[in-house]
Amino acid sequence: MPAVIDKEKCNACGVCVKICPTDVYYGSKPKEIPVVMYPEECWHCNACVHDCPQDAIHLRIALNMQLVYKS
Ligand code: SF4
Ligand code: SF4
């Protein structure tokens, strides 16, 4: 399940858009809160979560995946 952006925390810096290796946020407009355009492409690498300067992204991990997920 894809990344979720907290719109209250996001400052629209665009770091997540640039860093996502699978272009989940592809098509998001500069200086606007990114949009999760291709959620099915997210493979939970955590890059956007770690690099977001606002700590505004979290991943929704399915329960069965949480059993093997390591952050
Ligand atoms: S990296 Fe964080 S603060 Fe920057 S645009 Fe993405 S969600 Fe918003
Ligand atoms: S967790 Fe990885 S693949 Fe998923 S949206 Fe963030 S950077 Fe992209």
# chains A, B, ... in the order shown; residues from 1 in each chain; ligands from 1
call {"tool": "closest_atom_pairs", "arguments": {"of": "chain A", "to": "ligand 1", "cutoff": "8 Å", "atoms": "only C-alpha atoms and all ligand atoms", "output": "CSV"}}
result
residue,atom,partner,partner_atom_place_in_ligand_line,distance
A:Ile5,CA,ligand 1,7 (S),5.4
A:Asp6,CA,ligand 1,7 (S),7.1
A:Lys7,CA,ligand 1,8 (Fe),7.6
A:Lys9,CA,ligand 1,3 (S),6.7
A:Cys10,CA,ligand 1,8 (Fe),3.7
A:Asn11,CA,ligand 1,3 (S),4.5
A:Ala12,CA,ligand 1,5 (S),3.8
A:Cys13,CA,ligand 1,4 (Fe),4.0
A:Gly14,CA,ligand 1,5 (S),4.0
A:Val15,CA,ligand 1,1 (S),4.2
A:Cys16,CA,ligand 1,1 (S),4.2
A:Val17,CA,ligand 1,6 (Fe),6.5
A:Lys31,CA,ligand 1,5 (S),7.8
A:Glu32,CA,ligand 1,5 (S),7.5
A:Ile33,CA,ligand 1,5 (S),5.7
A:Pro34,CA,ligand 1,5 (S),5.8
A:Cys48,CA,ligand 1,1 (S),6.4
A:Val49,CA,ligand 1,2 (Fe),7.7
A:Asp51,CA,ligand 1,1 (S),6.4
A:Cys52,CA,ligand 1,1 (S),3.7
A:Pro53,CA,ligand 1,3 (S),5.8
A:Gln54,CA,ligand 1,3 (S),4.9
A:Asp55,CA,ligand 1,2 (Fe),6.3
A:Ala56,CA,ligand 1,7 (S),5.1
A:Ile57,CA,ligand 1,7 (S),5.5
call {"tool": "select_by_dssp", "arguments": {"residues": "segment 4-71 of chain A", "states": "strand (DSSP E)", "output": "PDB file with N, CA, C and O atoms, in the first residue's frame"}}
result
ATOM      1  N   VAL A   4       1.564   7.850   2.179  1.00  0.00           N
ATOM      2  CA  VAL A   4       0.507   8.819   2.490  1.00  0.00           C
ATOM      3  C   VAL A   4       1.187  10.099   2.971  1.00  0.00           C
ATOM      4  O   VAL A   4       2.070  10.054   3.826  1.00  0.00           O
ATOM      5  N   ILE A   5       0.782  11.224   2.404  1.00  0.00           N
ATOM      6  CA  ILE A   5       1.381  12.512   2.760  1.00  0.00           C
ATOM      7  C   ILE A   5       0.450  13.270   3.701  1.00  0.00           C
ATOM      8  O   ILE A   5      -0.731  13.439   3.422  1.00  0.00           O
ATOM      9  N   ILE A  57       5.582  11.941   5.591  1.00  0.00           N
ATOM     10  CA  ILE A  57       5.156  10.759   4.829  1.00  0.00           C
ATOM     11  C   ILE A  57       5.193   9.521   5.711  1.00  0.00           C
ATOM     12  O   ILE A  57       6.142   9.314   6.463  1.00  0.00           O
ATOM     13  N   HIS A  58       4.160   8.738   5.619  1.00  0.00           N
ATOM     14  CA  HIS A  58       4.228   7.413   6.225  1.00  0.00           C
ATOM     15  C   HIS A  58       3.676   6.405   5.237  1.00  0.00           C
ATOM     16  O   HIS A  58       2.973   6.765   4.290  1.00  0.00           O
ATOM     17  N   LEU A  59       4.047   5.165   5.455  1.00  0.00           N
ATOM     18  CA  LEU A  59       3.588   4.109   4.561  1.00  0.00           C
ATOM     19  C   LEU A  59       2.486   3.313   5.221  1.00  0.00           C
ATOM     20  O   LEU A  59       2.547   3.051   6.421  1.00  0.00           O
TER      21      LEU A  59
END
call {"tool": "residues_near_ligand", "arguments": {"ligand": "ligand 2", "cutoff": "8 Å", "atoms": "only C-alpha atoms and all ligand atoms", "output": "mmCIF file with N, CA and C atoms, in the first residue's frame"}}
result
data_model
loop_
_atom_site.group_PDB
_atom_site.id
_atom_site.type_symbol
_atom_site.label_atom_id
_atom_site.label_comp_id
_atom_site.auth_asym_id
_atom_site.auth_seq_id
_atom_site.Cartn_x
_atom_site.Cartn_y
_atom_site.Cartn_z
ATOM 1 N N PRO A 2 0.445 2.270 -0.616
ATOM 2 C CA PRO A 2 1.355 3.390 -0.937
ATOM 3 C C PRO A 2 1.631 4.336 0.219
ATOM 4 N N ALA A 3 2.506 5.282 -0.126
ATOM 5 C CA ALA A 3 2.841 6.354 0.800
ATOM 6 C C ALA A 3 1.630 7.276 0.988
ATOM 7 N N CYS A 16 10.495 14.247 -2.188
ATOM 8 C CA CYS A 16 9.942 12.904 -2.395
ATOM 9 C C CYS A 16 9.716 12.613 -3.878
ATOM 10 N N VAL A 17 9.307 13.618 -4.613
ATOM 11 C CA VAL A 17 9.063 13.443 -6.048
ATOM 12 C C VAL A 17 10.370 13.091 -6.748
ATOM 13 N N ILE A 19 13.129 11.795 -5.383
ATOM 14 C CA ILE A 19 13.867 10.634 -4.884
ATOM 15 C C ILE A 19 13.179 9.299 -5.161
ATOM 16 N N CYS A 20 11.899 9.296 -5.394
ATOM 17 C CA CYS A 20 11.190 8.019 -5.551
ATOM 18 C C CYS A 20 11.711 7.263 -6.776
ATOM 19 N N PRO A 21 12.245 6.067 -6.583
ATOM 20 C CA PRO A 21 12.831 5.320 -7.701
ATOM 21 C C PRO A 21 11.805 4.777 -8.679
ATOM 22 N N THR A 22 10.560 4.723 -8.278
ATOM 23 C CA THR A 22 9.548 4.172 -9.182
ATOM 24 C C THR A 22 8.535 5.234 -9.629
ATOM 25 N N ASP A 23 8.853 6.492 -9.392
ATOM 26 C CA ASP A 23 8.028 7.604 -9.872
ATOM 27 C C ASP A 23 6.572 7.529 -9.429
ATOM 28 N N VAL A 24 6.396 7.143 -8.183
ATOM 29 C CA VAL A 24 5.036 7.100 -7.627
ATOM 30 C C VAL A 24 4.365 8.472 -7.693
ATOM 31 N N TYR A 25 5.180 9.517 -7.552
ATOM 32 C CA TYR A 25 4.631 10.885 -7.534
ATOM 33 C C TYR A 25 4.750 11.570 -8.904
ATOM 34 N N VAL A 36 0.069 11.171 -4.994
ATOM 35 C CA VAL A 36 0.447 9.771 -5.194
ATOM 36 C C VAL A 36 -0.278 9.288 -6.450
ATOM 37 N N PRO A 39 0.146 4.634 -7.056
ATOM 38 C CA PRO A 39 0.341 3.937 -5.782
ATOM 39 C C PRO A 39 0.755 2.481 -5.949
ATOM 40 N N GLU A 41 2.827 1.327 -7.848
ATOM 41 C CA GLU A 41 4.258 1.223 -8.140
ATOM 42 C C GLU A 41 5.126 1.299 -6.885
ATOM 43 N N CYS A 42 4.533 1.669 -5.751
ATOM 44 C CA CYS A 42 5.313 1.805 -4.512
ATOM 45 C C CYS A 42 5.735 0.422 -4.016
ATOM 46 N N TRP A 43 7.029 0.270 -3.794
ATOM 47 C CA TRP A 43 7.510 -1.019 -3.274
ATOM 48 C C TRP A 43 8.104 -0.846 -1.874
ATOM 49 N N HIS A 44 7.698 0.209 -1.190
ATOM 50 C CA HIS A 44 8.009 0.393 0.229
ATOM 51 C C HIS A 44 9.499 0.443 0.517
ATOM 52 N N CYS A 45 10.217 1.169 -0.327
ATOM 53 C CA CYS A 45 11.666 1.280 -0.103
ATOM 54 C C CYS A 45 11.981 2.229 1.048
ATOM 55 N N ASN A 46 11.026 3.077 1.407
ATOM 56 C CA ASN A 46 11.174 4.005 2.533
ATOM 57 C C ASN A 46 12.019 5.240 2.211
ATOM 58 N N ALA A 47 12.484 5.381 0.978
ATOM 59 C CA ALA A 47 13.350 6.520 0.640
ATOM 60 C C ALA A 47 12.639 7.846 0.902
ATOM 61 N N CYS A 48 11.409 7.953 0.475
ATOM 62 C CA CYS A 48 10.695 9.225 0.665
ATOM 63 C C CYS A 48 10.412 9.472 2.144
ATOM 64 N N VAL A 49 10.146 8.421 2.874
ATOM 65 C CA VAL A 49 9.872 8.561 4.310
ATOM 66 C C VAL A 49 11.110 9.109 5.015
ATOM 67 N N LEU A 59 4.047 5.165 5.455
ATOM 68 C CA LEU A 59 3.588 4.109 4.561
ATOM 69 C C LEU A 59 2.486 3.313 5.221
#
call {"tool": "select_by_dssp", "arguments": {"residues": "chain A", "states": "helix (DSSP H, G or I)", "output": "mmCIF file with N, CA and C atoms, in the first residue's frame"}}
result
data_model
loop_
_atom_site.group_PDB
_atom_site.id
_atom_site.type_symbol
_atom_site.label_atom_id
_atom_site.label_comp_id
_atom_site.auth_asym_id
_atom_site.auth_seq_id
_atom_site.Cartn_x
_atom_site.Cartn_y
_atom_site.Cartn_z
ATOM 1 N N VAL A 15 11.161 16.965 -2.555
ATOM 2 C CA VAL A 15 12.202 15.949 -2.354
ATOM 3 C C VAL A 15 11.669 14.550 -2.660
ATOM 4 N N CYS A 16 10.495 14.247 -2.188
ATOM 5 C CA CYS A 16 9.942 12.904 -2.395
ATOM 6 C C CYS A 16 9.716 12.613 -3.878
ATOM 7 N N VAL A 17 9.307 13.618 -4.613
ATOM 8 C CA VAL A 17 9.063 13.443 -6.048
ATOM 9 C C VAL A 17 10.370 13.091 -6.748
ATOM 10 N N LYS A 18 11.436 13.770 -6.352
ATOM 11 C CA LYS A 18 12.729 13.539 -7.004
ATOM 12 C C LYS A 18 13.337 12.208 -6.605
ATOM 13 N N ILE A 19 13.129 11.795 -5.383
ATOM 14 C CA ILE A 19 13.867 10.634 -4.884
ATOM 15 C C ILE A 19 13.179 9.299 -5.161
ATOM 16 N N PRO A 39 0.146 4.634 -7.056
ATOM 17 C CA PRO A 39 0.341 3.937 -5.782
ATOM 18 C C PRO A 39 0.755 2.481 -5.949
ATOM 19 N N GLU A 40 0.321 1.872 -7.036
ATOM 20 C CA GLU A 40 0.647 0.452 -7.221
ATOM 21 C C GLU A 40 2.135 0.242 -7.512
ATOM 22 N N GLU A 41 2.827 1.327 -7.848
ATOM 23 C CA GLU A 41 4.258 1.223 -8.140
ATOM 24 C C GLU A 41 5.126 1.299 -6.885
ATOM 25 N N ALA A 47 12.484 5.381 0.978
ATOM 26 C CA ALA A 47 13.350 6.520 0.640
ATOM 27 C C ALA A 47 12.639 7.846 0.902
ATOM 28 N N CYS A 48 11.409 7.953 0.475
ATOM 29 C CA CYS A 48 10.695 9.225 0.665
ATOM 30 C C CYS A 48 10.412 9.472 2.144
ATOM 31 N N VAL A 49 10.146 8.421 2.874
ATOM 32 C CA VAL A 49 9.872 8.561 4.310
ATOM 33 C C VAL A 49 11.110 9.109 5.015
ATOM 34 N N HIS A 50 12.264 8.552 4.690
ATOM 35 C CA HIS A 50 13.492 8.963 5.367
ATOM 36 C C HIS A 50 13.960 10.347 4.939
ATOM 37 N N ASP A 51 13.743 10.710 3.692
ATOM 38 C CA ASP A 51 14.297 11.977 3.192
ATOM 39 C C ASP A 51 13.348 13.159 3.303
ATOM 40 N N LEU A 63 -1.306 -5.579 7.025
ATOM 41 C CA LEU A 63 -0.995 -6.315 8.246
ATOM 42 C C LEU A 63 -0.113 -7.525 7.986
ATOM 43 N N ASN A 64 -0.408 -8.268 6.954
ATOM 44 C CA ASN A 64 0.400 -9.459 6.682
ATOM 45 C C ASN A 64 1.828 -9.086 6.293
ATOM 46 N N MET A 65 2.002 -7.880 5.721
ATOM 47 C CA MET A 65 3.341 -7.414 5.375
ATOM 48 C C MET A 65 4.082 -6.923 6.614
ATOM 49 N N GLN A 66 3.349 -6.398 7.595
ATOM 50 C CA GLN A 66 3.986 -5.900 8.805
ATOM 51 C C GLN A 66 4.725 -7.010 9.546
#
call {"tool": "decode", "arguments": {"residues": "segment 7-67 of chain A", "atoms": "C-alpha atoms", "output": "PDB file, in the first residue's frame"}}
result
ATOM      1  CA  LYS A   7      -0.852  17.776   4.058  1.00  0.00           C
ATOM      2  CA  GLU A   8      -0.580  19.691   7.302  1.00  0.00           C
ATOM      3  CA  LYS A   9       3.141  18.942   7.559  1.00  0.00           C
ATOM      4  CA  CYS A  10       4.182  18.981   3.887  1.00  0.00           C
ATOM      5  CA  ASN A  11       5.938  22.130   2.696  1.00  0.00           C
ATOM      6  CA  ALA A  12       5.881  21.100  -0.984  1.00  0.00           C
ATOM      7  CA  CYS A  13       9.671  20.921  -1.230  1.00  0.00           C
ATOM      8  CA  GLY A  14       9.521  18.190  -3.876  1.00  0.00           C
ATOM      9  CA  VAL A  15      12.202  15.949  -2.354  1.00  0.00           C
ATOM     10  CA  CYS A  16       9.942  12.904  -2.395  1.00  0.00           C
ATOM     11  CA  VAL A  17       9.063  13.443  -6.048  1.00  0.00           C
ATOM     12  CA  LYS A  18      12.729  13.539  -7.004  1.00  0.00           C
ATOM     13  CA  ILE A  19      13.867  10.634  -4.884  1.00  0.00           C
ATOM     14  CA  CYS A  20      11.190   8.019  -5.551  1.00  0.00           C
ATOM     15  CA  PRO A  21      12.831   5.320  -7.701  1.00  0.00           C
ATOM     16  CA  THR A  22       9.548   4.172  -9.182  1.00  0.00           C
ATOM     17  CA  ASP A  23       8.028   7.604  -9.872  1.00  0.00           C
ATOM     18  CA  VAL A  24       5.036   7.100  -7.627  1.00  0.00           C
ATOM     19  CA  TYR A  25       4.631  10.885  -7.534  1.00  0.00           C
ATOM     20  CA  TYR A  26       5.234  11.362 -11.263  1.00  0.00           C
ATOM     21  CA  GLY A  27       3.260  14.287 -12.655  1.00  0.00           C
ATOM     22  CA  SER A  28       3.085  16.181  -9.366  1.00  0.00           C
ATOM     23  CA  LYS A  29       3.410  19.909  -9.887  1.00  0.00           C
ATOM     24  CA  PRO A  30       6.402  21.855  -8.549  1.00  0.00           C
ATOM     25  CA  LYS A  31       5.759  23.769  -5.331  1.00  0.00           C
ATOM     26  CA  GLU A  32       2.497  21.927  -4.726  1.00  0.00           C
ATOM     27  CA  ILE A  33       1.832  19.070  -2.348  1.00  0.00           C
ATOM     28  CA  PRO A  34       2.784  15.931  -4.300  1.00  0.00           C
ATOM     29  CA  VAL A  35       0.117  13.538  -5.444  1.00  0.00           C
ATOM     30  CA  VAL A  36       0.447   9.771  -5.194  1.00  0.00           C
ATOM     31  CA  MET A  37      -0.233   9.174  -8.883  1.00  0.00           C
ATOM     32  CA  TYR A  38       0.885   5.575  -9.173  1.00  0.00           C
ATOM     33  CA  PRO A  39       0.341   3.937  -5.782  1.00  0.00           C
ATOM     34  CA  GLU A  40       0.647   0.452  -7.221  1.00  0.00           C
ATOM     35  CA  GLU A  41       4.258   1.223  -8.140  1.00  0.00           C
ATOM     36  CA  CYS A  42       5.313   1.805  -4.512  1.00  0.00           C
ATOM     37  CA  TRP A  43       7.510  -1.019  -3.274  1.00  0.00           C
ATOM     38  CA  HIS A  44       8.009   0.393   0.229  1.00  0.00           C
ATOM     39  CA  CYS A  45      11.666   1.280  -0.103  1.00  0.00           C
ATOM     40  CA  ASN A  46      11.174   4.005   2.533  1.00  0.00           C
ATOM     41  CA  ALA A  47      13.350   6.520   0.640  1.00  0.00           C
ATOM     42  CA  CYS A  48      10.695   9.225   0.665  1.00  0.00           C
ATOM     43  CA  VAL A  49       9.872   8.561   4.310  1.00  0.00           C
ATOM     44  CA  HIS A  50      13.492   8.963   5.367  1.00  0.00           C
ATOM     45  CA  ASP A  51      14.297  11.977   3.192  1.00  0.00           C
ATOM     46  CA  CYS A  52      11.195  14.057   3.799  1.00  0.00           C
ATOM     47  CA  PRO A  53      12.449  17.033   5.831  1.00  0.00           C
ATOM     48  CA  GLN A  54       9.031  17.526   7.373  1.00  0.00           C
ATOM     49  CA  ASP A  55       8.454  13.941   8.466  1.00  0.00           C
ATOM     50  CA  ALA A  56       5.242  14.189   6.495  1.00  0.00           C
ATOM     51  CA  ILE A  57       5.156  10.759   4.829  1.00  0.00           C
ATOM     52  CA  HIS A  58       4.228   7.413   6.225  1.00  0.00           C
ATOM     53  CA  LEU A  59       3.588   4.109   4.561  1.00  0.00           C
ATOM     54  CA  ARG A  60       0.456   2.092   4.931  1.00  0.00           C
ATOM     55  CA  ILE A  61       1.699  -1.451   5.317  1.00  0.00           C
ATOM     56  CA  ALA A  62      -0.782  -4.275   5.053  1.00  0.00           C
ATOM     57  CA  LEU A  63      -0.995  -6.315   8.246  1.00  0.00           C
ATOM     58  CA  ASN A  64       0.400  -9.459   6.682  1.00  0.00           C
ATOM     59  CA  MET A  65       3.341  -7.414   5.375  1.00  0.00           C
ATOM     60  CA  GLN A  66       3.986  -5.900   8.805  1.00  0.00           C
ATOM     61  CA  LEU A  67       4.924  -9.334  10.058  1.00  0.00           C
TER      62      LEU A  67
END
